[in-house]
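Notes follow once the structure below has been shown.
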2 protein chains.
Amino acid sequence: MTASFSNAHHSPVGAFATLTLGHKAAKGGLGLELAGPADEAIYVGLEEPEGGRYRALPFFEGGEEDRAEEFDVEHLSDFSRPAATVPFADAEIARTMGAGVDEWRAGDLTFRLVSPVRSVPDPESADPAALRDAVCPAILAELTVDNRSGTRPRRAFFGYRGSDRAVGMRTLGEDGLVGVAQGLVTGIATLDEGVYAGLAFAPERILEPDADANLAFLVGNLGLLVGTVAPGEVRTFRFAVGFFREGTATTGIKTRYLYRRFFEDLEGVLRHALARFDDSLREARAFDEALASRLSPERAWMAAHAIRSYLGSTQLLEREDGSPLWVVNEGEYRMMNTFDLTVDQAFFELALNPWTVRNVLDLYVERYAYEDGARRWGSDEIHPGGLAFTHDMGVGNVFSRTGYSGYEQSHLRGCFSYMSAEELMNWVLTAGLYEGHTRDLAWAVAQRGTFLAALSSLVNRDDPEVARRNGVVGLDGARCAGGAEITTYDSLDASLGQARNNLYLAVKGWASYVLLESVLRRLGEEEAAEEARAQAARAVETIVGAADSDGLLPAVIGEGVEARIIPAIEALVYPFVLGLPIDARLQATLARHFEAVLKPGVCLFEDGGWKLSSTSRNSWLSKIYLCQFVAERVLGHAPDAAADRAHVGWLADGENGYFAWSDQMLAGKAVGSRYYPRGVTSILWTAQGERPIEEIARFLRGSVVA
Amino acid sequence: MTASFSNAHHSPVGAFATLTLGHKAAKGGLGLELAGPADEAIYVGLEEPEGGRYRALPFFEGGEEDRAEEFDVEHLSDFSRPAATVPFADAEIARTMGAGVDEWRAGDLTFRLVSPVRSVPDPESADPAALRDAVCPAILAELTVDNRSGTRPRRAFFGYRGSDRAVGMRTLGEDGLVGVAQGLVTGIATLDEGVYAGLAFAPERILEPDADANLAFLVGNLGLLVGTVAPGEVRTFRFAVGFFREGTATTGIKTRYLYRRFFEDLEGVLRHALARFDDSLREARAFDEALASRLSPERAWMAAHAIRSYLGSTQLLEREDGSPLWVVNEGEYRMMNTFDLTVDQAFFELALNPWTVRNVLDLYVERYAYEDGARRWGSDEIHPGGLAFTHDMGVGNVFSRTGYSGYEQSHLRGCFSYMSAEELMNWVLTAGLYEGHTRDLAWAVAQRGTFLAALSSLVNRDDPEVARRNGVVGLDGARCAGGAEITTYDSLDASLGQARNNLYLAVKGWASYVLLESVLRRLGEEEAAEEARAQAARAVETIVGAADSDGLLPAVIGEGVEARIIPAIEALVYPFVLGLPIDARLQATLARHFEAVLKPGVCLFEDGGWKLSSTSRNSWLSKIYLCQFVAERVLGHAPDAAADRAHVGWLADGENGYFAWSDQMLAGKAVGSRYYPRGVTSILWTAQGERPIEEIARFLRGSVVA
């Protein structure tokens, strides 16, 4: 049995931290706030039965003793030793990856990383102990050695080669905690009896030290924890892998990590995590079993993988006034709370911890909303527009200034242009999902003005002349300064990239009006609700009327862009999950379009994977997952196991596997949006009944927290 | 006129920070606590007279717009622009580097980095304002553009591409301060009118933005400050380049940077530095002029270069009880207060700020002293030894545990073995220099026990049998556990690497006894002083008696190691600078040896550079400088301008120049101890009179502080 050698995240919640592991060589590691793997070697291994030689999982490169050459430049010392640590062969290794437990078996060794999928209670009302448990910035590891057939003690080890360029490695060794760490920031520790820690250039000098005092060789950047298993025994060692950022976490808005409320240092984090080992392992296993019971192996693997990448991107901060600030960082781009992602991740977040969705929506209103005019393509005249939201809140721990994203630029027609209309819809849809799911009417009342302003702005962006309104965004934001708004599909061609008259955005706009109508009626805003209803109806007419004689819809309505796109159906998800009515003609039109395009040569790759646009080789897995849910649950399309197998193949491909879960696949190759959180749209697969978010919430609650 | 394209440090004092610049391409940058250059592109340039094209110093690589491909994976956007920034040709660039001012001229541009050599007052008694000025973690820059012949405004720019992997770039723009920064940690700012800041992938989008709002493109990791010079004018822009580490600086001993007493953030640092621009520039120029007036151009250049690398390695910390802790980090190895370096840097430090020497000596006594036995080579019997000191205090911001260095390992015969005897001498010599220079008798009284214990331990390491003592270390420390002690020349062969019976260490031991005698007499410890005198006399007999009929001394006495070494003369420096008597026979013997070995094929390389050992190609510049001083001032050897030219050539060589000032040169190639602080032994060159440290102190005080 062979294993997948894909990297996967193994992350606590809200620490923007990960032990990324799975890819061969020094391609994983302990990363804090990084845009990709830390590229550190991880050592997990055991002594051969005959002693003196070691086998390890293949997450290292060897040859490290060469670092001694930087000191001993003419190789005159008797310091170096022959390498004695050899990786297991691929065929010896078996791997089983769930969302909470990732396990490798090789020879007499079993290594298990444990990172439960945890709900984070609302920090403004949570029991402090429960909050501390949820946000403790550590994961856990178990290393089991079966030495029942052995005749001599065998050593087992776990450790890493730190890659932080500013601080050295150190050992921990106080009050029973034994560990290795890099500076204040990352570390691995155990409370197990008889385990020792050491530093060196190469593992052999730690595994067979000439003297205990030699183990604190601070010049070495490899740290290992080493234990011994007696002959005839099976022994399991337990470790915590911790992360810690001490000071100010972000600029623009000054914050610290919320876990700093509870933890003063890395050692405290490691101790707390170890104390809760049993609970964490039980939680992690329960989630994995529940996921496996609901999904095919392919879907369970993709969902687990995606959830891992999502958790590694989460960052729970605390502002100077003590209020929480939730961020999901955008994978390799590290844009903060990118709204295009928030709306897609909302299904997962609402089920797991809805307060995080509200938190992001509130910060968008507080700081990342702006007023803007609108103009017709090719005209300099500025028409009334209204409320819009930014694409993101900043990049790489730098919050952008009020009213601006870190990404959007004027005067452009493609990537990096403004996304004002889509982000406005994203606020409406995310807010509609939040309010619809939680029925937090007090919040909706507080946001009454925002809902009304959003409606007005959406309508204005349709057309300044009432008579010419068709329910579809037809103008560009004035901030584009003559450029053209784009959609979240910023790297695709006009089939999905252009906002104005885009079919994908037309349906998304329709859904926005439907959700607005629902909320506004609950707010007693009948007049506005009626306008939303009317706009939704206009959108239906426009979309239905755009179908050609074969039932195919153009990617851009009325502009002669004949590309065919799957995401025409995407936005059906919003009314569907809230149980809101979907116009029958619209549904029928989209269903007919969908079945017509999901064909080889149109919107299927040769391997059976879904191709979002007939004119682009770039397909995005998060959106495929979302559209699969819509196709299956709304349109009654049968699940497509061949497509799932193709999508698994994309992710598991050797080069792609370096980036853990990735979104943008150019003919199956991960080219952008790598190491990415958006794949949690896959959680929708687990919902088979009437009220999907409630169902997912029950599933997550049942499996996640008591 | 062409320029040297060597990297040089441009550093504040005590911040372990550097703007390293000089090497072509993205090979310099703003580094905090790093083992080498940050490998960042630095942009310094101006617009061509005709406009729309730019020339810059060659410290960048171009092609950066490619980063847009990570977003725009199929190149569909109209975002990218043609590159318009071209480096000046080598022949157009002139560079003048002093210790305080480093200046490049090219075309109509003059760029000047200003980092004065500053004394740091004792934090336990200093005026807070003076201390704040001294430790402000920033340097300064001036960019002058001569547009007198221009007919249109020309833009000028200065900025960098941040390489920190955890945080993004940002712009600063509050209360008149305009700047670019990376996270909390590094930044460049100005208070000049009309300058703006921007972020992008490539300079052209900042130099010619489509709109001001586009300048805050947080996705970009290049930050530039841009000003405009009117036609007919010469304008100078002034910048500060700042560094800031907010939280805990070190583990093992918990500290923060002492500058945190005065500065809350990077912005405060930048403002303070800019406010003191005139004073800093005056200080920097005064020092450079004084240095140039005392030394040949070659020596002035090497001394300036070495002082820069030293300053970039300094780190002034504050312990939790508020007491200061001074660290010099060991270049690429980042070992902390390596004692082998402390003793060599003491001449410079005692002249500049003697309290730092005392601070290091005290911490060695407090935490990095240990008691150890001694044994004869090949025997298991442990004889009395006594006090010893560790090689260093830790590595890379990790203080090692009490009584142990981060480097020393038992059971070895070469690199990474213990240096107990030499470090014991290093404490005695450094303490003797401190006490001898400052006449801080109160401190000597407080250290009475240490001086006495040091003498006892030195004597014990000679031989356990009184009758067999010859004044030379003949035993190895018990911690070696059968291995052999080494000297600071850890990467050389036995000619300098082996401690026992080593000629270099024999003279160093003799000097230790001479200084001990002097201190002990002032302490009224006549009996001990007499023992020190007797041991010194024995050492003289041993060394003098080791000369062969040609007057040549063996590198290892009595062991048949016929290698010839220059550092036989090194330790004459200690009694000489303190005005203590040097035994005439010893001096004559060493003089004869020195003149005999300083010949091609023995201790001279073909290029005329000094070869420390006849049997090793590895020669160390810091020690060459020290031995040059001894040869010229003690032994009357004429200054060797050809050797100085060869040594300049080693440092300036293209590949070597990447590492700024480096120590270990293997046949002229920098192979170890790169990016290194020890070269400040060169300050001794500036002393021409009777009491060198006092003379250097007067020189530094006269040029450095009012």
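The chains in the structure tokens are called A, B, ... from first to last as shown; in each chain the residues are counted from 1, and the ligands are counted from 1 in the order shown.
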Self-check item: Backbone-only DSSP, helix (DSSP H, G or I) members of region 205-314 of chain B, as an MDAnalysis selection string
Solution: chainID B and resid 205:207 212:215 258:261 266:275 277:294 297:313
May I have the residues from that selection written out with C-alpha atoms, as a PDB file, in the first residue's frame?
```pdb
ATOM      1  CA  ARG B 205       3.810  51.706 -10.971  1.00  0.00           C
ATOM      2  CA  ILE B 206       4.996  53.752  -7.981  1.00  0.00           C
ATOM      3  CA  LEU B 207       6.943  56.281 -10.025  1.00  0.00           C
ATOM      4  CA  ASP B 212      -2.768  58.148  -5.751  1.00  0.00           C
ATOM      5  CA  ALA B 213      -5.104  55.520  -4.328  1.00  0.00           C
ATOM      6  CA  ASN B 214      -3.220  52.856  -6.270  1.00  0.00           C
ATOM      7  CA  LEU B 215      -0.051  53.557  -4.282  1.00  0.00           C
ATOM      8  CA  LEU B 258      17.193  48.546  25.641  1.00  0.00           C
ATOM      9  CA  TYR B 259      15.935  51.060  23.076  1.00  0.00           C
ATOM     10  CA  ARG B 260      12.446  49.947  24.046  1.00  0.00           C
ATOM     11  CA  ARG B 261      12.863  52.216  27.078  1.00  0.00           C
ATOM     12  CA  LEU B 266       9.168  52.074  14.391  1.00  0.00           C
ATOM     13  CA  GLU B 267       7.561  55.408  13.626  1.00  0.00           C
ATOM     14  CA  GLY B 268       8.928  56.904  16.826  1.00  0.00           C
ATOM     15  CA  VAL B 269      12.387  55.640  15.955  1.00  0.00           C
ATOM     16  CA  LEU B 270      12.232  57.144  12.477  1.00  0.00           C
ATOM     17  CA  ARG B 271      11.050  60.515  13.753  1.00  0.00           C
ATOM     18  CA  HIS B 272      13.734  60.700  16.390  1.00  0.00           C
ATOM     19  CA  ALA B 273      16.472  59.797  13.933  1.00  0.00           C
ATOM     20  CA  LEU B 274      15.295  62.422  11.456  1.00  0.00           C
ATOM     21  CA  ALA B 275      15.198  65.072  14.150  1.00  0.00           C
ATOM     22  CA  PHE B 277      20.022  64.345  11.240  1.00  0.00           C
ATOM     23  CA  ASP B 278      22.461  67.249  11.381  1.00  0.00           C
ATOM     24  CA  ASP B 279      24.165  66.006  14.533  1.00  0.00           C
ATOM     25  CA  SER B 280      24.482  62.505  13.173  1.00  0.00           C
ATOM     26  CA  LEU B 281      25.952  63.647   9.879  1.00  0.00           C
ATOM     27  CA  ARG B 282      28.461  65.842  11.663  1.00  0.00           C
ATOM     28  CA  GLU B 283      29.524  62.993  13.951  1.00  0.00           C
ATOM     29  CA  ALA B 284      29.872  60.596  11.072  1.00  0.00           C
ATOM     30  CA  ARG B 285      31.994  62.969   9.008  1.00  0.00           C
ATOM     31  CA  ALA B 286      34.234  63.912  11.920  1.00  0.00           C
ATOM     32  CA  PHE B 287      35.042  60.280  12.568  1.00  0.00           C
ATOM     33  CA  ASP B 288      35.804  59.553   8.939  1.00  0.00           C
ATOM     34  CA  GLU B 289      38.078  62.566   8.666  1.00  0.00           C
ATOM     35  CA  ALA B 290      39.949  61.585  11.789  1.00  0.00           C
ATOM     36  CA  LEU B 291      40.365  58.022  10.569  1.00  0.00           C
ATOM     37  CA  ALA B 292      41.613  59.176   7.180  1.00  0.00           C
ATOM     38  CA  SER B 293      44.104  61.511   8.800  1.00  0.00           C
ATOM     39  CA  ARG B 294      45.691  58.690  10.780  1.00  0.00           C
ATOM     40  CA  PRO B 297      43.737  54.697   2.467  1.00  0.00           C
ATOM     41  CA  GLU B 298      43.932  50.890   2.537  1.00  0.00           C
ATOM     42  CA  ARG B 299      43.985  50.734   6.317  1.00  0.00           C
ATOM     43  CA  ALA B 300      41.322  53.401   6.684  1.00  0.00           C
ATOM     44  CA  TRP B 301      39.076  51.441   4.332  1.00  0.00           C
ATOM     45  CA  MET B 302      39.616  48.156   6.172  1.00  0.00           C
ATOM     46  CA  ALA B 303      39.131  49.779   9.572  1.00  0.00           C
ATOM     47  CA  ALA B 304      35.951  51.509   8.421  1.00  0.00           C
ATOM     48  CA  HIS B 305      34.647  48.278   6.926  1.00  0.00           C
ATOM     49  CA  ALA B 306      35.445  46.319  10.075  1.00  0.00           C
ATOM     50  CA  ILE B 307      33.867  48.886  12.395  1.00  0.00           C
ATOM     51  CA  ARG B 308      30.688  48.703  10.294  1.00  0.00           C
ATOM     52  CA  SER B 309      30.497  44.925  10.606  1.00  0.00           C
ATOM     53  CA  TYR B 310      31.149  45.209  14.310  1.00  0.00           C
ATOM     54  CA  LEU B 311      28.363  47.747  14.857  1.00  0.00           C
ATOM     55  CA  GLY B 312      25.914  45.628  12.899  1.00  0.00           C
ATOM     56  CA  SER B 313      26.625  42.748  15.280  1.00  0.00           C
TER      57      SER B 313
END
```
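The residues of chain A lying at most 6 Å from chain B, with only C-alpha atoms taken into account, are Glu33, Leu34, Glu70, Asp72, Ser77, Ala166, Val167, Gly168, Asn214, Phe217, Leu218, Gly247, Val395, Gly396, Asn397, Gly406, Tyr407, Gln409, Gly414, Cys415, Ser491 and Gly672 of chain A.
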Output file for the selection above: N, CA and C atoms, as an mmCIF file, in the first residue's frame:
```
data_model
loop_
_atom_site.group_PDB
_atom_site.id
_atom_site.type_symbol
_atom_site.label_atom_id
_atom_site.label_comp_id
_atom_site.auth_asym_id
_atom_site.auth_seq_id
_atom_site.Cartn_x
_atom_site.Cartn_y
_atom_site.Cartn_z
ATOM 1 N N GLU A 33 2.218 32.281 10.066
ATOM 2 C CA GLU A 33 1.904 33.470 9.253
ATOM 3 C C GLU A 33 2.574 33.446 7.893
ATOM 4 N N LEU A 34 2.831 32.277 7.371
ATOM 5 C CA LEU A 34 3.565 32.179 6.111
ATOM 6 C C LEU A 34 2.630 32.024 4.908
ATOM 7 N N GLU A 70 30.778 25.118 7.608
ATOM 8 C CA GLU A 70 30.835 26.570 7.763
ATOM 9 C C GLU A 70 31.754 26.966 8.911
ATOM 10 N N ASP A 72 34.198 24.352 10.273
ATOM 11 C CA ASP A 72 35.407 23.540 10.110
ATOM 12 C C ASP A 72 35.743 23.546 8.623
ATOM 13 N N SER A 77 38.306 18.471 11.653
ATOM 14 C CA SER A 77 37.783 17.982 12.922
ATOM 15 C C SER A 77 37.331 16.531 12.790
ATOM 16 N N ALA A 166 15.863 34.535 11.968
ATOM 17 C CA ALA A 166 16.331 35.480 12.987
ATOM 18 C C ALA A 166 16.710 34.841 14.319
ATOM 19 N N VAL A 167 16.186 33.682 14.651
ATOM 20 C CA VAL A 167 16.473 33.130 15.975
ATOM 21 C C VAL A 167 16.933 31.685 15.885
ATOM 22 N N GLY A 168 17.677 31.261 16.887
ATOM 23 C CA GLY A 168 18.211 29.917 16.922
ATOM 24 C C GLY A 168 17.260 28.924 17.577
ATOM 25 N N ASN A 214 26.505 17.397 25.514
ATOM 26 C CA ASN A 214 26.638 17.748 24.090
ATOM 27 C C ASN A 214 25.293 18.015 23.419
ATOM 28 N N PHE A 217 23.643 21.660 21.834
ATOM 29 C CA PHE A 217 24.543 22.249 20.830
ATOM 30 C C PHE A 217 23.753 23.308 20.064
ATOM 31 N N LEU A 218 23.765 24.522 20.599
ATOM 32 C CA LEU A 218 22.876 25.566 20.069
ATOM 33 C C LEU A 218 23.237 25.988 18.648
ATOM 34 N N GLY A 247 3.964 39.532 20.510
ATOM 35 C CA GLY A 247 3.659 40.953 20.595
ATOM 36 C C GLY A 247 2.516 41.381 19.689
ATOM 37 N N VAL A 395 -3.206 42.823 3.717
ATOM 38 C CA VAL A 395 -2.337 41.733 3.263
ATOM 39 C C VAL A 395 -1.261 41.441 4.320
ATOM 40 N N GLY A 396 -1.087 40.187 4.635
ATOM 41 C CA GLY A 396 0.076 39.764 5.431
ATOM 42 C C GLY A 396 0.225 40.525 6.744
ATOM 43 N N ASN A 397 -0.827 40.538 7.540
ATOM 44 C CA ASN A 397 -0.805 41.185 8.860
ATOM 45 C C ASN A 397 -0.768 42.705 8.803
ATOM 46 N N GLY A 406 -6.233 46.072 -0.004
ATOM 47 C CA GLY A 406 -4.823 46.042 -0.366
ATOM 48 C C GLY A 406 -4.604 45.662 -1.814
ATOM 49 N N TYR A 407 -5.671 45.320 -2.513
ATOM 50 C CA TYR A 407 -5.575 44.691 -3.830
ATOM 51 C C TYR A 407 -6.048 45.586 -4.966
ATOM 52 N N GLN A 409 -7.017 48.288 -7.700
ATOM 53 C CA GLN A 409 -6.322 49.373 -8.381
ATOM 54 C C GLN A 409 -7.238 49.948 -9.479
ATOM 55 N N GLY A 414 -8.449 44.129 -15.917
ATOM 56 C CA GLY A 414 -8.359 42.713 -15.544
ATOM 57 C C GLY A 414 -7.948 42.591 -14.095
ATOM 58 N N CYS A 415 -7.135 41.600 -13.830
ATOM 59 C CA CYS A 415 -6.660 41.316 -12.478
ATOM 60 C C CYS A 415 -6.219 42.596 -11.779
ATOM 61 N N SER A 491 -8.598 35.838 -12.485
ATOM 62 C CA SER A 491 -7.561 35.342 -13.372
ATOM 63 C C SER A 491 -8.145 34.619 -14.577
ATOM 64 N N GLY A 672 -2.289 29.019 -9.035
ATOM 65 C CA GLY A 672 -2.611 30.205 -8.246
ATOM 66 C C GLY A 672 -3.542 29.777 -7.128
#
```
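The nearest approach to Val577 (chain A) among the residues A:Ser549, A:Ser163, A:Ser613, A:Gln688, with only C-alpha atoms taken into account, belongs to A:Gln688.
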Quiz item: Mind pulling up the distance from CA of Gly52 (chain B) to CA of Arg152 (chain B)?
Solution: 11.3 Å
Quiz item: If we count only C-alpha atoms, what is near Ala534 (chain A) at a cut-off of 12 Å, once residues fewer than 2 positions away on the same chain are taken out, given as a PyMOL selection string?
Solution: chain A and resi 455+459+466+469-472+510+513-514+516-517+527-532+536-541
Practice problem: Name the closest residue to Thr615 (chain B) among the candidates B:Ala667, B:Cys627, B:Glu423, B:Arg81; distances are taken between atoms, counting only C-alpha atoms. | Solution: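 Answer, going by the shortest atom-to-atom distance: B:Ala667.
For the pair CA of Val445 (chain B) and CA of Trp355 (chain B), the interatomic distance is 16.4 Å.
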Quiz prompt | Test item, strand (DSSP E) assignment across region 376-568 of chain B, answer as a list of chain:residue names | solution =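 The residues of region 376-568 of chain B classed as strand (DSSP E) are B:His383, B:Pro384, B:Gly385, B:Gly386, B:Leu387, B:Ala388, B:Phe389, B:Gly394, B:Val395, B:Val398, B:Phe399, B:Asp476, B:Gly477.
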Practice problem: Show which residues sit within 9 Å of Asp340 (chain A), as a PyMOL selection string. Count only C-alpha atoms, and ignore same-chain residues fewer than 5 positions away. | Solution: chain A and resi 345+391-392+422-423+426+487-488
Exercise. For region 373-376 of chain A, work out the shell of residues within 8 Å, counting only C-alpha atoms and skipping chain neighbours fewer than 6 positions away, then give it as number ranges by chain.
Key: A: 382-386, 460-461, 474-479
Quiz prompt | All residues 12 Å or closer to Pro231 (chain B), only C-alpha atoms, same chain fewer than 2 positions away omitted, as a VMD selection string | solution = chain B and resid 49 to 51 145 to 155 228 to 229 233 to 235
How would the residues just picked look written out with N, CA, C and O atoms as a CSV table (one decimal), in the first residue's frame?
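Output (again_14.csv):
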```csv
chain,number,residue,atom,x,y,z
B,49,PRO,N,16.8,62.9,-17.7
B,49,PRO,CA,16.4,64.2,-18.0
B,49,PRO,C,15.2,64.3,-18.9
B,49,PRO,O,14.3,65.2,-18.8
B,50,GLU,N,15.1,63.4,-19.9
B,50,GLU,CA,14.0,63.5,-20.8
B,50,GLU,C,12.7,62.9,-20.3
B,50,GLU,O,11.6,63.0,-20.9
B,51,GLY,N,12.8,62.3,-19.1
B,51,GLY,CA,11.5,61.8,-18.4
B,51,GLY,C,11.1,60.4,-18.9
B,51,GLY,O,11.4,60.0,-20.0
B,145,VAL,N,20.0,65.2,-5.8
B,145,VAL,CA,19.8,65.2,-7.2
B,145,VAL,C,20.2,66.6,-7.8
B,145,VAL,O,19.7,67.6,-7.3
B,146,ASP,N,21.1,66.6,-8.7
B,146,ASP,CA,21.5,67.8,-9.4
B,146,ASP,C,20.8,68.0,-10.7
B,146,ASP,O,21.1,67.3,-11.7
B,147,ASN,N,19.8,68.8,-10.7
B,147,ASN,CA,18.9,69.0,-11.9
B,147,ASN,C,19.2,70.4,-12.4
B,147,ASN,O,18.3,71.0,-13.0
B,148,ARG,N,20.4,70.9,-12.2
B,148,ARG,CA,20.6,72.3,-12.7
B,148,ARG,C,20.6,72.4,-14.2
B,148,ARG,O,20.2,73.4,-14.7
B,149,SER,N,21.0,71.4,-14.8
B,149,SER,CA,21.0,71.4,-16.3
B,149,SER,C,19.7,70.9,-16.9
B,149,SER,O,19.5,70.8,-18.1
B,150,GLY,N,18.7,70.5,-16.0
B,150,GLY,CA,17.5,69.9,-16.5
B,150,GLY,C,16.5,70.9,-16.9
B,150,GLY,O,16.5,72.1,-16.4
B,151,THR,N,15.6,70.5,-17.8
B,151,THR,CA,14.6,71.4,-18.2
B,151,THR,C,13.2,71.0,-17.8
B,151,THR,O,12.2,71.7,-18.1
B,152,ARG,N,13.1,69.9,-17.1
B,152,ARG,CA,11.8,69.4,-16.6
B,152,ARG,C,12.0,68.8,-15.2
B,152,ARG,O,13.2,68.4,-14.8
B,153,PRO,N,11.0,68.7,-14.4
B,153,PRO,CA,11.1,68.1,-13.1
B,153,PRO,C,11.6,66.6,-13.2
B,153,PRO,O,11.2,66.0,-14.2
B,154,ARG,N,12.4,66.2,-12.3
B,154,ARG,CA,12.8,64.8,-12.3
B,154,ARG,C,12.5,64.2,-11.0
B,154,ARG,O,12.8,64.7,-9.9
B,155,ARG,N,12.0,63.0,-11.1
B,155,ARG,CA,11.7,62.2,-9.9
B,155,ARG,C,13.0,61.5,-9.3
B,155,ARG,O,13.8,61.0,-10.1
B,228,THR,N,10.4,64.9,-6.0
B,228,THR,CA,10.6,65.6,-7.3
B,228,THR,C,11.6,66.7,-7.2
B,228,THR,O,11.5,67.5,-6.2
B,229,VAL,N,12.4,66.9,-8.2
B,229,VAL,CA,13.4,68.0,-8.1
B,229,VAL,C,13.1,68.9,-9.4
B,229,VAL,O,13.1,68.4,-10.5
B,233,GLU,N,17.4,73.1,-10.2
B,233,GLU,CA,17.7,73.0,-8.8
B,233,GLU,C,18.5,71.8,-8.4
B,233,GLU,O,18.6,70.8,-9.2
B,234,VAL,N,19.2,71.9,-7.3
B,234,VAL,CA,19.8,70.8,-6.6
B,234,VAL,C,19.0,70.6,-5.4
B,234,VAL,O,18.7,71.5,-4.6
B,235,ARG,N,18.5,69.4,-5.2
B,235,ARG,CA,17.7,69.1,-4.0
B,235,ARG,C,18.2,67.9,-3.3
B,235,ARG,O,18.6,66.9,-3.9
```
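Put simply, CA of Gly482 (chain A) is 23.0 Å away from CA of Pro203 (chain B).
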Quiz item: Can you tell me, as a list in words, what residues are no more than 8 Å from Asn656 (chain A) when counting only C-alpha atoms, ignoring any on the same chain fewer than 6 positions away?
Solution: Ser6, Trp650, Ser662, Lys669 and Ala670 of chain A
Can I get the selection written as a JSON list (two decimals), in the first residue's frame, with all heavy atoms?
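Once written, selection32.json looks like this:
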```
[["chain", "number", "residue", "atom", "x", "y", "z"],
["A", 6, "SER", "N", 1.21, 14.17, -0.42],
["A", 6, "SER", "CA", 0.78, 15.57, -0.48],
["A", 6, "SER", "C", 1.00, 16.22, 0.88],
["A", 6, "SER", "O", 0.71, 15.62, 1.91],
["A", 6, "SER", "CB", -0.71, 15.66, -0.78],
["A", 6, "SER", "OG", -0.98, 15.25, -2.08],
["A", 650, "TRP", "N", -6.00, 15.93, -9.23],
["A", 650, "TRP", "CA", -5.35, 17.25, -9.34],
["A", 650, "TRP", "C", -4.60, 17.58, -8.04],
["A", 650, "TRP", "O", -3.45, 17.99, -8.05],
["A", 650, "TRP", "CB", -6.38, 18.35, -9.59],
["A", 650, "TRP", "CG", -7.12, 18.26, -10.89],
["A", 650, "TRP", "CD1", -6.86, 17.40, -11.92],
["A", 650, "TRP", "CD2", -8.24, 19.06, -11.29],
["A", 650, "TRP", "NE1", -7.76, 17.62, -12.94],
["A", 650, "TRP", "CE2", -8.62, 18.63, -12.58],
["A", 650, "TRP", "CE3", -8.96, 20.09, -10.69],
["A", 650, "TRP", "CZ2", -9.68, 19.22, -13.27],
["A", 650, "TRP", "CZ3", -10.02, 20.67, -11.37],
["A", 650, "TRP", "CH2", -10.37, 20.23, -12.66],
["A", 662, "SER", "N", -5.18, 23.47, -2.88],
["A", 662, "SER", "CA", -5.12, 24.65, -3.75],
["A", 662, "SER", "C", -6.39, 24.79, -4.54],
["A", 662, "SER", "O", -7.11, 23.81, -4.78],
["A", 662, "SER", "CB", -3.94, 24.53, -4.73],
["A", 662, "SER", "OG", -2.71, 24.58, -4.04],
["A", 669, "LYS", "N", -3.07, 21.71, -13.06],
["A", 669, "LYS", "CA", -1.84, 22.13, -12.39],
["A", 669, "LYS", "C", -2.14, 23.34, -11.51],
["A", 669, "LYS", "O", -2.72, 24.33, -11.96],
["A", 669, "LYS", "CB", -0.78, 22.49, -13.43],
["A", 669, "LYS", "CG", 0.55, 22.89, -12.82],
["A", 669, "LYS", "CD", 1.65, 22.96, -13.86],
["A", 669, "LYS", "CE", 2.88, 23.67, -13.32],
["A", 669, "LYS", "NZ", 3.33, 23.17, -12.02],
["A", 670, "ALA", "N", -1.72, 23.26, -10.24],
["A", 670, "ALA", "CA", -1.98, 24.36, -9.29],
["A", 670, "ALA", "C", -1.10, 25.55, -9.66],
["A", 670, "ALA", "O", 0.11, 25.49, -9.54],
["A", 670, "ALA", "CB", -1.69, 23.92, -7.86]]
```
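If only C-alpha atoms are the atoms counted, then among B:Val241, B:Leu424, B:Met665, B:Val357 the closest residue to Asp344 (chain B) is B:Val357.
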